[in-house]
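Step one of this worksheet: look at the structure below.
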Amino acid sequence: MNVSLNWLATHLDLSGKSIKEIDDLFTFAGVEVEGIVSKGIASDRIVVAQIMEAVQHPNADRLKVTQVDTGEGTLRQIVCGAQNYKVGDKVPCALPGAELPGGFTIGETVMRKVESKGMLCAASEIGLPVGEDGLLILPPDSKIGKPVKQLFDYDTLLELEVTPNRPDLLSHRGMARELATLLKTPLLPLEIARPNTNVSVNIRIDAPAACPLYTAIAIKGVTVKESPAWLKQRLESIGLRPINNIVDITNYVLHELGQPLHAFDAAKLTGNIIVRNAADSENFLALDGSTHVLTLDDLLISDESGAALALAGVMGGAESGVTEITTDIVLESAYFTPQGIRRTSRRTALGSDSSYRFERGVDPQGVLTASSFAVKLILELAGGAAETTTQVAGASPVLTKPVTLDAKKLDQLMGSSIDLTAAEEILTRLGLAKLTDGTWDVPSFRADLQRHIDLVEEIARVHGLDNVPSRFQGTFVPASPIDAAYDADMVLRRRLAALGLHECQTIKLISDAQVSDILPLRPMQDSDVIRVKLPLSEDHAVMRPSIVPGLIASAVRNVRQQAKSLRLFEMGRVFRNAGGGKAKDQESETLSILLSGSALPTGWFKVDRTTDLYDLKGILSALLGGREIKFTPKERAGFVLGCDIKLDEQNIGVFARLTPARERELDFTSPVYVAELDLGKLRKLLNGISHVEDLPQFPGSSRDAAMELPLNTPNAQIETIIAKLAQPLLVSSECFDVFTDPTGQKIAADSKSVAYRFHYREPTRTLKTEEIDTAHQGVLEALTKGLGVKFR
């Protein structure tokens with residue numbers, strides 16, 4: 001919400017209060033100040049000066065040396081580069097010490113060896129709208145030495161964030177009332193006559209639950225024209241565009257008092273006003289030109305012809321609005337139930353200053369007050385004659401009730417930092433009235449005050465939380481399992497980000513069409529899938545049993561945006577029925593990874609390759625501190641290359657590639673590899689990982705071996721035999737070559753040659769050649785015995 005400081009000043013005395021003080025008051029009272037913008041001239045050191053002499057600068061062709069009268073009794077010498085003035089003109093002069101917009105402070109200086117004691121200013125240099133090139137020429141009757149700020153409007157605009165429970169602050173009067181309480185300053189009276197009313201027979205409320213109170217008054221003979229300067233300036237100061245005097249008055253009253261109003265062209269109404277629910281699929285043409293199809297839940301203002309005049313509380317209709325030819329109007333002021341306005345505004349995507357206030361709740365007792373204030377302004381600015389009485393249908397709902405303040409609990413909660421008399425004074429300043437001992441009558445504009453603790457919070461807020469003593473000091477709390485899990489997850493996130501992956505956050509609901517993309521840690525039956533009984537849409541029909549479908553959907557969007565390399569991960573909860581839906585629902589946490597596209601970043605070099613399963617295996621190994629990861633083949637429905645991911649013979653997750661048909665269906669141009677890992681197991685595995693490893697002090701040695709074995713033998717079997725051997729000198733092994741020959745000329749077609757490199761080292765000494773040979777021979781013998789391989 002935008003608030004003008006000048007506008008606030010019409011409601012209370014703010015003299016002597018700086019912007020910083022007002023900012024702090026709002027902030028510590030719970031109203032967040034999101035921005036402060038100054039308009040106009042702020043400094044008193046920018047004064048009216050008359051140019052008495054101007055001669056050419058001796059050392060610069062485009063500069064002149066002027067002598068100006070600033071009302072100080074002696075002339076002031078200033079060097080100036082402008083060309084649009086003449087001797088005798090009056091212009092703004094920034095004296096030394098004047099602060100210009102942008103934080104620039106004027107001082108005395110020397111320009112091309114000529115002394116300059118100030119600055120003659122253009123409009124833009126002192127915070128005014130940009131004018132003609134050169135100096136701002138002031139009116140001839142401007143008094144020399146007078147601060148220029150007195151010739152122009154100066155204002156400060158505060159952008160405030162009002163919490164939903166404080167709709168009473170959504171007006172300048174409400175903000176002024178709050179400031180008056182905080183400053184202990186009286187609120188200036190606002191003279192508004194109470195209107196004469198009668199029960200209307202011309203208004204029919206068919207939906208009293210949605211509209212408990214509706215009022216209208218007819219004004220005849222108005223002249224629709226441009227608003228006077230003061231009204232336009234008020235609206236422009238908070239960023240509103242003036243339209244005409246009638247519309248501007250309704251907008252002004254809304255931002256002055258917080259009560260939305262609407263004016264209808266009386267010539268466009270047929271018969272009585274009817275407040276009703278819309279018919280199913282009824283069309284409504286709004287003032288902004290948009291057309292909306294309504295439902296039975298939407299509230300309309302119509303007439304006896306059935307025409308929709310306005311979408312109640314949200315926006316007026318295009319066919320009943322006030323125009324330049326309007327002469328008679330009907331002014332509406334009403335109270336609409338917040339829930340209905342909120343629902344309609346969200347569904348139609350129509351938002352307005354009126355709906356913003358109605359959906360948070362306006363003051364029911366302010367409905368007639370705002371109408372009377374608007375009628376007074378309309379008669380003053382547009383002429384005409386108003387009916388002697390305001391037509392009223394329904395009654396104001398009572399939203400507040402007396403609240404009892406418990407003095408003992410107040411003293412306990414406030415730490416005895418405030419006595420009861422001072423607390424009651426604060427409540428009185430807030431507009432509450434004391435009924436009996438401890439019981440307070442709450443004003444209608446503070447419907448948020450319902451309980452004893454609400455009164456305590458108000459007292460603490462105005463008294464100042466910094467004045468309430470701290471009762472307890474912080475105590476040590478040992479880390480909980482939740483803390484440990486959070487820390488482990490952050491380690492995983494940082495490592496994955498360091499490996500070049502991007503974290504995703506997808507919704508926990510997927511569509512039925514995405515069920516085919518799930519990659520569960522354990523095989524699933526159809527009954528394991530948990531479906532939502534009343535889904536908001538088809539895309540949110542199933543609680544995800546795997547994160548992989550969400551990652552695939554994210555990858556599809558990225559590919560369609562021409563992304564060349566995809567490296568995504570997500571951590572979160574998954575859901576499934578346990579035991580075929582017969583047991584209790586289960587939740588677990590998993591980590592999912594997706595890789596596709598180019599494996600190398602784009603660069604000037606020509607070398608490139610497509611991501612494969614070994615990239616994913618390398619990521620998992622790096623994620624777990626370089627520990628050896630094994631992929632054991634195991635088919636997965638809907639995928640190819642399915643594998644279990646194992647570490648130390650323990651299953652920690654699953655891996656697979658999308659089928660080529662599914663990849664083409666989703667517009668992927670390269671293979672898509674996905675993995676889903678048990679996050680609980682990963683957290684435990686992180687505990688045994690050392691973040692720092694000492695460099696070896698003694699050299700090691702390597703031996704290569706190429707072995708021939710059947711074509712369908714998985715590499716995991718080789719790694720299993722090496723791991724079981726547990727040769728103490730063998731520190732690592734890696735496969736660096738695989739050779740096959742489908743023709744059978746160099747090697748049998750049903751065989752392959754796999755080359756391994758074995759690294760041997762002893763941490764306490766340098767190994768002898770005989771020791772390395774013996775250890776290596778033991779590895780080869782174990783492979784020969786376990787797999788029957790032949791070494792080449």
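Starting from 1 in every chain, residues are counted up; chains themselves are A, B, ... following the order of the structure tokens, and ligands are numbered from 1 as listed.
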
Apply DSSP to the backbone of this structure and, from segment 139-205 of chain A, keep only the residues in strand (DSSP E or B); write these as a ChimeraX atom specification. /A:147,155-161,197-199,203-205

N, CA and C atoms of the current selection, written as a PDB file, in the first residue's frame:
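Below is the file that was written, selection-v2.pdb:
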```
ATOM      1  N   PRO A 147      13.627  29.473   0.158  1.00  0.00           N
ATOM      2  CA  PRO A 147      13.875  28.085  -0.246  1.00  0.00           C
ATOM      3  C   PRO A 147      12.965  27.694  -1.410  1.00  0.00           C
ATOM      4  N   ASP A 155       6.846  15.795  -1.275  1.00  0.00           N
ATOM      5  CA  ASP A 155       6.141  14.722  -0.590  1.00  0.00           C
ATOM      6  C   ASP A 155       7.068  13.508  -0.488  1.00  0.00           C
ATOM      7  N   THR A 156       6.738  12.643   0.451  1.00  0.00           N
ATOM      8  CA  THR A 156       7.446  11.368   0.601  1.00  0.00           C
ATOM      9  C   THR A 156       6.426  10.254   0.525  1.00  0.00           C
ATOM     10  N   LEU A 157       6.696   9.293  -0.345  1.00  0.00           N
ATOM     11  CA  LEU A 157       5.792   8.166  -0.532  1.00  0.00           C
ATOM     12  C   LEU A 157       6.361   6.963   0.197  1.00  0.00           C
ATOM     13  N   LEU A 158       5.556   6.385   1.095  1.00  0.00           N
ATOM     14  CA  LEU A 158       5.945   5.187   1.829  1.00  0.00           C
ATOM     15  C   LEU A 158       5.219   3.978   1.235  1.00  0.00           C
ATOM     16  N   GLU A 159       5.981   2.957   0.881  1.00  0.00           N
ATOM     17  CA  GLU A 159       5.376   1.714   0.423  1.00  0.00           C
ATOM     18  C   GLU A 159       5.343   0.762   1.614  1.00  0.00           C
ATOM     19  N   LEU A 160       4.140   0.472   2.109  1.00  0.00           N
ATOM     20  CA  LEU A 160       3.971  -0.289   3.337  1.00  0.00           C
ATOM     21  C   LEU A 160       3.333  -1.639   3.055  1.00  0.00           C
ATOM     22  N   GLU A 161       3.802  -2.656   3.769  1.00  0.00           N
ATOM     23  CA  GLU A 161       3.223  -3.995   3.681  1.00  0.00           C
ATOM     24  C   GLU A 161       2.347  -4.214   4.916  1.00  0.00           C
ATOM     25  N   THR A 197     -31.162   8.291   7.079  1.00  0.00           N
ATOM     26  CA  THR A 197     -31.361   7.000   6.415  1.00  0.00           C
ATOM     27  C   THR A 197     -32.801   6.548   6.564  1.00  0.00           C
ATOM     28  N   ASN A 198     -33.203   5.672   5.662  1.00  0.00           N
ATOM     29  CA  ASN A 198     -34.480   4.983   5.822  1.00  0.00           C
ATOM     30  C   ASN A 198     -34.374   3.595   5.197  1.00  0.00           C
ATOM     31  N   VAL A 199     -35.259   2.723   5.620  1.00  0.00           N
ATOM     32  CA  VAL A 199     -35.246   1.368   5.082  1.00  0.00           C
ATOM     33  C   VAL A 199     -35.741   1.421   3.647  1.00  0.00           C
ATOM     34  N   ILE A 203     -34.178  -1.345  -2.927  1.00  0.00           N
ATOM     35  CA  ILE A 203     -33.019  -2.237  -2.938  1.00  0.00           C
ATOM     36  C   ILE A 203     -33.468  -3.595  -2.405  1.00  0.00           C
ATOM     37  N   ARG A 204     -33.143  -4.662  -3.133  1.00  0.00           N
ATOM     38  CA  ARG A 204     -33.505  -6.006  -2.692  1.00  0.00           C
ATOM     39  C   ARG A 204     -32.242  -6.851  -2.589  1.00  0.00           C
ATOM     40  N   ILE A 205     -32.011  -7.402  -1.412  1.00  0.00           N
ATOM     41  CA  ILE A 205     -30.841  -8.256  -1.212  1.00  0.00           C
ATOM     42  C   ILE A 205     -31.302  -9.705  -1.232  1.00  0.00           C
TER      43      ILE A 205
END
```

I want to know what sits within 9 Å of segment 281-291 of chain A, based on only C-alpha atoms, with residues of the same chain fewer than 3 positions away left out; could you give that as a PDB file with C-alpha atoms, in the first residue's frame?
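out.pdb was written with the following content:
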```pdb
ATOM      1  CA  ALA A 278     -24.955 -14.819 -10.602  1.00  0.00           C
ATOM      2  CA  LEU A 294     -19.596 -16.368 -13.717  1.00  0.00           C
ATOM      3  CA  THR A 295     -20.689 -19.156 -11.398  1.00  0.00           C
ATOM      4  CA  LEU A 296     -23.396 -19.460  -8.753  1.00  0.00           C
ATOM      5  CA  ALA A 308     -25.291  -7.058 -14.394  1.00  0.00           C
ATOM      6  CA  LEU A 309     -24.239  -3.605 -13.180  1.00  0.00           C
ATOM      7  CA  ALA A 310     -21.183  -4.674 -11.162  1.00  0.00           C
ATOM      8  CA  LEU A 311     -19.321  -7.695  -9.890  1.00  0.00           C
ATOM      9  CA  MET A 315     -15.200  -4.264 -10.318  1.00  0.00           C
ATOM     10  CA  GLY A 316     -17.945  -2.231 -11.930  1.00  0.00           C
ATOM     11  CA  GLY A 317     -19.594  -3.139 -15.221  1.00  0.00           C
ATOM     12  CA  ALA A 318     -18.696  -1.431 -18.473  1.00  0.00           C
ATOM     13  CA  GLU A 319     -22.357  -0.833 -19.341  1.00  0.00           C
ATOM     14  CA  SER A 320     -23.266   1.093 -16.157  1.00  0.00           C
ATOM     15  CA  GLY A 321     -20.169   3.218 -15.610  1.00  0.00           C
TER      16      GLY A 321
END
```

Straight-line distance linking atom CA of Gly127 of chain A with atom CA of Gly40 of chain A, stated in Å to one decimal: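 Answer for the atom CA of Gly127 of chain A to atom CA of Gly40 of chain A separation: 5.1 Å.
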
Spatial neighbours of segment 736-752 of chain A, max dist 10 Å, only C-alpha atoms, sep filter under 6 positions, as a list in words: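 Once the adjacent positions are removed, what remains is Asp704, Ala706, Met707, Glu708, Leu709, Pro710, Leu711, Asn712 and Thr713 of chain A.
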
Hey, can you spit out that residue selection with C-alpha atoms as an mmCIF file, in the first residue's frame?
```
data_model
loop_
_atom_site.group_PDB
_atom_site.id
_atom_site.type_symbol
_atom_site.label_atom_id
_atom_site.label_comp_id
_atom_site.auth_asym_id
_atom_site.auth_seq_id
_atom_site.Cartn_x
_atom_site.Cartn_y
_atom_site.Cartn_z
ATOM 1 C CA ASP A 704 47.894 -53.739 -16.307
ATOM 2 C CA ALA A 706 43.844 -57.651 -20.284
ATOM 3 C CA MET A 707 41.465 -60.562 -19.821
ATOM 4 C CA GLU A 708 39.224 -62.391 -22.256
ATOM 5 C CA LEU A 709 35.798 -63.461 -21.007
ATOM 6 C CA PRO A 710 32.254 -64.114 -22.292
ATOM 7 C CA LEU A 711 30.541 -61.110 -23.867
ATOM 8 C CA ASN A 712 27.601 -61.141 -21.441
ATOM 9 C CA THR A 713 29.736 -61.144 -18.259
#
```

What residues in segment 372-526 of chain A get the DSSP label alpha helix (DSSP H)? Please answer as a PyMOL selection string. chain A and resi 372-382+407-413+420-429+452-463+481-498

Considering only C-alpha atoms, return as a tab-separated table (two decimals) with N, CA and C atoms, in the first residue's frame whatever protein or nucleic-acid residues lie within 10 Å of Pro523 of chain A, sequence-local ones (same chain, fewer than 3 positions apart) excluded.
```tsv
chain	number	residue	atom	x	y	z
A	519	LEU	N	10.29	-44.68	-10.90
A	519	LEU	CA	11.41	-45.60	-10.72
A	519	LEU	C	11.55	-45.85	-9.22
A	520	PRO	N	10.73	-46.74	-8.66
A	520	PRO	CA	10.71	-46.93	-7.20
A	520	PRO	C	11.93	-47.71	-6.73
A	528	ASP	N	-0.29	-50.12	-4.85
A	528	ASP	CA	0.64	-49.34	-4.03
A	528	ASP	C	0.53	-47.84	-4.30
A	636	ARG	N	13.82	-53.15	-14.94
A	636	ARG	CA	12.82	-52.24	-14.37
A	636	ARG	C	11.76	-51.98	-15.44
A	637	ALA	N	10.50	-52.16	-15.09
A	637	ALA	CA	9.41	-51.97	-16.05
A	637	ALA	C	9.41	-50.54	-16.56
```

Leu767 of chain A surroundings by only C-alpha atoms, 10 Å radius, close-in-sequence under 2 positions cut, as a PyMOL selection string: chain A and resi 698-701+729+760-765+769-772

Would you put the residues from that selection into a file with all heavy atoms, as a short mmCIF file (atom, residue, chain, number, x, y, z; two decimals), in the first residue's frame?
```cif
data_model
loop_
_atom_site.label_atom_id
_atom_site.label_comp_id
_atom_site.auth_asym_id
_atom_site.auth_seq_id
_atom_site.Cartn_x
_atom_site.Cartn_y
_atom_site.Cartn_z
N PHE A 698 54.69 -42.72 0.44
CA PHE A 698 55.56 -43.62 -0.31
C PHE A 698 54.93 -43.90 -1.67
O PHE A 698 53.71 -43.96 -1.82
CB PHE A 698 55.76 -44.93 0.47
CG PHE A 698 56.44 -44.72 1.80
CD1 PHE A 698 55.69 -44.54 2.96
CD2 PHE A 698 57.83 -44.67 1.89
CE1 PHE A 698 56.30 -44.34 4.18
CE2 PHE A 698 58.45 -44.46 3.10
CZ PHE A 698 57.70 -44.29 4.27
N PRO A 699 55.79 -44.10 -2.68
CA PRO A 699 55.27 -44.31 -4.05
C PRO A 699 54.60 -45.66 -4.20
O PRO A 699 54.88 -46.62 -3.46
CB PRO A 699 56.53 -44.23 -4.91
CG PRO A 699 57.64 -44.66 -4.00
CD PRO A 699 57.27 -44.15 -2.63
N GLY A 700 53.70 -45.74 -5.16
CA GLY A 700 53.04 -46.99 -5.49
C GLY A 700 53.45 -47.44 -6.87
O GLY A 700 54.28 -46.81 -7.54
N SER A 701 52.85 -48.54 -7.31
CA SER A 701 53.17 -49.07 -8.63
C SER A 701 51.91 -49.67 -9.24
O SER A 701 51.01 -50.11 -8.52
CB SER A 701 54.25 -50.15 -8.52
OG SER A 701 54.63 -50.62 -9.79
N LEU A 729 47.66 -54.95 -0.35
CA LEU A 729 48.50 -53.99 -1.09
C LEU A 729 47.75 -53.33 -2.24
O LEU A 729 48.21 -52.32 -2.78
CB LEU A 729 49.75 -54.70 -1.63
CG LEU A 729 50.68 -55.33 -0.58
CD1 LEU A 729 51.89 -55.95 -1.26
CD2 LEU A 729 51.12 -54.29 0.44
N TYR A 760 49.08 -50.66 -6.58
CA TYR A 760 49.54 -51.29 -5.34
C TYR A 760 50.38 -50.27 -4.55
O TYR A 760 51.17 -49.50 -5.12
CB TYR A 760 50.39 -52.52 -5.66
CG TYR A 760 49.65 -53.57 -6.47
CD1 TYR A 760 49.69 -53.59 -7.87
CD2 TYR A 760 48.90 -54.55 -5.82
CE1 TYR A 760 49.01 -54.55 -8.60
CE2 TYR A 760 48.21 -55.52 -6.55
CZ TYR A 760 48.26 -55.50 -7.94
OH TYR A 760 47.57 -56.45 -8.66
N ARG A 761 50.17 -50.28 -3.21
CA ARG A 761 50.95 -49.36 -2.37
C ARG A 761 50.92 -49.87 -0.93
O ARG A 761 49.92 -50.44 -0.48
CB ARG A 761 50.39 -47.94 -2.41
CG ARG A 761 51.17 -46.96 -1.54
CD ARG A 761 50.57 -45.56 -1.53
NE ARG A 761 50.71 -44.91 -2.83
CZ ARG A 761 49.70 -44.62 -3.63
NH1 ARG A 761 48.46 -44.93 -3.27
NH2 ARG A 761 49.90 -44.03 -4.79
N GLU A 762 52.01 -49.63 -0.21
CA GLU A 762 52.11 -49.90 1.23
C GLU A 762 52.30 -48.55 1.92
O GLU A 762 53.21 -47.80 1.58
CB GLU A 762 53.28 -50.83 1.52
CG GLU A 762 53.69 -50.91 2.98
CD GLU A 762 52.56 -51.43 3.88
OE1 GLU A 762 51.91 -52.44 3.51
OE2 GLU A 762 52.32 -50.82 4.93
N PRO A 763 51.40 -48.17 2.88
CA PRO A 763 51.46 -46.83 3.46
C PRO A 763 52.70 -46.56 4.30
O PRO A 763 53.02 -45.40 4.57
CB PRO A 763 50.19 -46.77 4.30
CG PRO A 763 49.84 -48.18 4.59
CD PRO A 763 50.28 -48.97 3.41
N THR A 764 53.43 -47.59 4.74
CA THR A 764 54.55 -47.36 5.68
C THR A 764 55.92 -47.50 5.05
O THR A 764 56.93 -47.20 5.69
CB THR A 764 54.44 -48.35 6.86
OG1 THR A 764 54.52 -49.70 6.36
CG2 THR A 764 53.12 -48.14 7.60
N ARG A 765 56.00 -47.98 3.79
CA ARG A 765 57.31 -48.17 3.18
C ARG A 765 57.17 -48.30 1.68
O ARG A 765 56.06 -48.42 1.16
CB ARG A 765 57.98 -49.43 3.75
CG ARG A 765 57.19 -50.70 3.51
CD ARG A 765 57.80 -51.90 4.22
NE ARG A 765 56.97 -53.10 4.06
CZ ARG A 765 57.00 -53.91 3.01
NH1 ARG A 765 57.83 -53.67 2.00
NH2 ARG A 765 56.23 -54.98 2.98
N THR A 769 59.79 -54.93 -5.89
CA THR A 769 59.18 -55.45 -7.11
C THR A 769 58.60 -56.84 -6.89
O THR A 769 57.50 -57.17 -7.37
CB THR A 769 60.22 -55.49 -8.24
OG1 THR A 769 60.75 -54.20 -8.46
CG2 THR A 769 59.60 -56.02 -9.53
N GLU A 770 59.34 -57.68 -6.13
CA GLU A 770 58.86 -59.04 -5.90
C GLU A 770 57.53 -59.05 -5.15
O GLU A 770 56.63 -59.87 -5.42
CB GLU A 770 59.90 -59.84 -5.08
CG GLU A 770 61.22 -60.07 -5.79
CD GLU A 770 62.13 -58.84 -5.75
OE1 GLU A 770 61.76 -57.86 -5.05
OE2 GLU A 770 63.16 -58.84 -6.44
N GLU A 771 57.35 -58.10 -4.22
CA GLU A 771 56.10 -58.03 -3.45
C GLU A 771 54.93 -57.63 -4.36
O GLU A 771 53.82 -58.18 -4.26
CB GLU A 771 56.24 -57.02 -2.32
CG GLU A 771 57.22 -57.42 -1.24
CD GLU A 771 57.39 -56.35 -0.19
OE1 GLU A 771 57.89 -55.25 -0.53
OE2 GLU A 771 56.99 -56.59 0.96
N ILE A 772 55.18 -56.67 -5.26
CA ILE A 772 54.13 -56.22 -6.16
C ILE A 772 53.75 -57.35 -7.11
O ILE A 772 52.56 -57.61 -7.36
CB ILE A 772 54.59 -54.98 -6.95
CG1 ILE A 772 54.88 -53.83 -5.98
CG2 ILE A 772 53.55 -54.57 -7.97
CD1 ILE A 772 55.52 -52.63 -6.63
#
```

Neighbour list for Ser355 of chain A as a list in words, cut-off 10 Å, only C-alpha atoms, skip fewer than 5 positions in-chain: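 Contacts, with the query itself left out: Pro260, Ala312, Gly313, Val314, Met315, Phe336, Pro338, Ile341, Arg342, Thr344, Ser345, Leu350, Arg360 and Gly361 of chain A.
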
Based on the selection just made, write all heavy atoms of those residues as an mmCIF file, in the first residue's frame.
```
data_model
loop_
_atom_site.group_PDB
_atom_site.id
_atom_site.type_symbol
_atom_site.label_atom_id
_atom_site.label_comp_id
_atom_site.auth_asym_id
_atom_site.auth_seq_id
_atom_site.Cartn_x
_atom_site.Cartn_y
_atom_site.Cartn_z
ATOM 1 N N PRO A 260 -14.528 1.088 0.164
ATOM 2 C CA PRO A 260 -14.753 1.189 -1.282
ATOM 3 C C PRO A 260 -16.162 1.689 -1.589
ATOM 4 O O PRO A 260 -17.132 1.368 -0.889
ATOM 5 C CB PRO A 260 -14.557 -0.250 -1.777
ATOM 6 C CG PRO A 260 -13.765 -0.928 -0.690
ATOM 7 C CD PRO A 260 -14.227 -0.284 0.581
ATOM 8 N N ALA A 312 -19.922 -7.571 -7.554
ATOM 9 C CA ALA A 312 -19.934 -6.958 -6.229
ATOM 10 C C ALA A 312 -18.573 -6.992 -5.555
ATOM 11 O O ALA A 312 -17.949 -8.041 -5.432
ATOM 12 C CB ALA A 312 -20.957 -7.667 -5.342
ATOM 13 N N GLY A 313 -18.118 -5.813 -5.132
ATOM 14 C CA GLY A 313 -16.890 -5.689 -4.372
ATOM 15 C C GLY A 313 -15.621 -5.832 -5.178
ATOM 16 O O GLY A 313 -14.522 -5.641 -4.644
ATOM 17 N N VAL A 314 -15.733 -6.171 -6.459
ATOM 18 C CA VAL A 314 -14.545 -6.431 -7.272
ATOM 19 C C VAL A 314 -14.360 -5.363 -8.344
ATOM 20 O O VAL A 314 -13.341 -4.673 -8.380
ATOM 21 C CB VAL A 314 -14.603 -7.839 -7.912
ATOM 22 C CG1 VAL A 314 -13.367 -8.092 -8.770
ATOM 23 C CG2 VAL A 314 -14.726 -8.898 -6.833
ATOM 24 N N MET A 315 -15.345 -5.228 -9.236
ATOM 25 C CA MET A 315 -15.200 -4.264 -10.318
ATOM 26 C C MET A 315 -16.560 -3.926 -10.885
ATOM 27 O O MET A 315 -17.464 -4.773 -10.954
ATOM 28 C CB MET A 315 -14.296 -4.811 -11.428
ATOM 29 C CG MET A 315 -13.917 -3.778 -12.485
ATOM 30 S SD MET A 315 -12.600 -4.359 -13.586
ATOM 31 C CE MET A 315 -11.200 -4.363 -12.472
ATOM 32 N N PHE A 336 -19.577 -6.337 2.039
ATOM 33 C CA PHE A 336 -19.637 -7.664 1.439
ATOM 34 C C PHE A 336 -18.795 -8.621 2.272
ATOM 35 O O PHE A 336 -17.734 -8.254 2.774
ATOM 36 C CB PHE A 336 -19.118 -7.634 0.000
ATOM 37 C CG PHE A 336 -19.899 -6.722 -0.903
ATOM 38 C CD1 PHE A 336 -19.322 -5.576 -1.431
ATOM 39 C CD2 PHE A 336 -21.223 -6.997 -1.225
ATOM 40 C CE1 PHE A 336 -20.031 -4.728 -2.270
ATOM 41 C CE2 PHE A 336 -21.948 -6.154 -2.057
ATOM 42 C CZ PHE A 336 -21.354 -5.015 -2.575
ATOM 43 N N PRO A 338 -16.080 -11.098 3.267
ATOM 44 C CA PRO A 338 -14.749 -11.241 2.672
ATOM 45 C C PRO A 338 -14.543 -12.531 1.888
ATOM 46 O O PRO A 338 -13.931 -12.518 0.816
ATOM 47 C CB PRO A 338 -13.814 -11.182 3.890
ATOM 48 C CG PRO A 338 -14.568 -10.399 4.910
ATOM 49 C CD PRO A 338 -16.003 -10.767 4.708
ATOM 50 N N ILE A 341 -15.845 -12.359 -1.767
ATOM 51 C CA ILE A 341 -15.067 -11.460 -2.625
ATOM 52 C C ILE A 341 -13.722 -12.086 -2.960
ATOM 53 O O ILE A 341 -13.253 -12.030 -4.104
ATOM 54 C CB ILE A 341 -14.866 -10.096 -1.932
ATOM 55 C CG1 ILE A 341 -16.220 -9.490 -1.547
ATOM 56 C CG2 ILE A 341 -14.088 -9.156 -2.832
ATOM 57 C CD1 ILE A 341 -17.156 -9.290 -2.699
ATOM 58 N N ARG A 342 -13.092 -12.708 -1.964
ATOM 59 C CA ARG A 342 -11.789 -13.346 -2.198
ATOM 60 C C ARG A 342 -11.911 -14.457 -3.237
ATOM 61 O O ARG A 342 -11.086 -14.581 -4.137
ATOM 62 C CB ARG A 342 -11.248 -13.892 -0.883
ATOM 63 C CG ARG A 342 -9.818 -14.406 -0.962
ATOM 64 C CD ARG A 342 -9.356 -14.959 0.373
ATOM 65 N NE ARG A 342 -9.506 -13.991 1.445
ATOM 66 C CZ ARG A 342 -10.310 -14.150 2.480
ATOM 67 N NH1 ARG A 342 -11.023 -15.262 2.586
ATOM 68 N NH2 ARG A 342 -10.401 -13.218 3.409
ATOM 69 N N THR A 344 -14.206 -14.886 -5.627
ATOM 70 C CA THR A 344 -14.491 -14.358 -6.966
ATOM 71 C C THR A 344 -13.265 -13.684 -7.570
ATOM 72 O O THR A 344 -12.955 -13.864 -8.757
ATOM 73 C CB THR A 344 -15.660 -13.366 -6.902
ATOM 74 O OG1 THR A 344 -16.836 -14.056 -6.482
ATOM 75 C CG2 THR A 344 -15.907 -12.713 -8.246
ATOM 76 N N SER A 345 -12.567 -12.891 -6.775
ATOM 77 C CA SER A 345 -11.384 -12.191 -7.277
ATOM 78 C C SER A 345 -10.320 -13.172 -7.752
ATOM 79 O O SER A 345 -9.701 -12.983 -8.804
ATOM 80 C CB SER A 345 -10.824 -11.278 -6.186
ATOM 81 O OG SER A 345 -9.669 -10.606 -6.627
ATOM 82 N N LEU A 350 -9.513 -10.993 -11.387
ATOM 83 C CA LEU A 350 -9.795 -9.557 -11.362
ATOM 84 C C LEU A 350 -9.411 -9.020 -9.989
ATOM 85 O O LEU A 350 -9.939 -9.467 -8.969
ATOM 86 C CB LEU A 350 -11.281 -9.287 -11.613
ATOM 87 C CG LEU A 350 -11.756 -9.224 -13.058
ATOM 88 C CD1 LEU A 350 -13.265 -9.027 -13.103
ATOM 89 C CD2 LEU A 350 -11.065 -8.111 -13.833
ATOM 90 N N ARG A 360 -10.294 -8.559 2.785
ATOM 91 C CA ARG A 360 -9.646 -8.566 4.095
ATOM 92 C C ARG A 360 -10.603 -8.112 5.193
ATOM 93 O O ARG A 360 -10.349 -8.367 6.368
ATOM 94 C CB ARG A 360 -8.402 -7.665 4.064
ATOM 95 C CG ARG A 360 -7.248 -8.344 3.355
ATOM 96 C CD ARG A 360 -6.196 -7.356 2.872
ATOM 97 N NE ARG A 360 -5.074 -8.057 2.269
ATOM 98 C CZ ARG A 360 -5.092 -8.608 1.057
ATOM 99 N NH1 ARG A 360 -6.183 -8.521 0.320
ATOM 100 N NH2 ARG A 360 -4.030 -9.231 0.585
ATOM 101 N N GLY A 361 -11.670 -7.419 4.789
ATOM 102 C CA GLY A 361 -12.676 -7.004 5.758
ATOM 103 C C GLY A 361 -12.649 -5.518 6.026
ATOM 104 O O GLY A 361 -11.660 -4.997 6.542
#
```

Skipping near chain neighbours, those fewer than 4 positions away, what residues fall within 8 Å of Arg461 of chain A using only C-alpha atoms, listed as a PDB file with C-alpha atoms, in the first residue's frame?
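Writing the result to result12.pdb gives the following:
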```pdb
ATOM      1  CA  PHE A  28       8.700  -1.735  15.257  1.00  0.00           C
ATOM      2  CA  ALA A  29       4.890  -1.603  15.333  1.00  0.00           C
ATOM      3  CA  GLY A  30       4.670  -4.484  12.847  1.00  0.00           C
ATOM      4  CA  GLU A 457      -0.024  -8.137  21.983  1.00  0.00           C
ATOM      5  CA  LEU A 465       9.123  -5.197  22.650  1.00  0.00           C
TER       6      LEU A 465
END
```
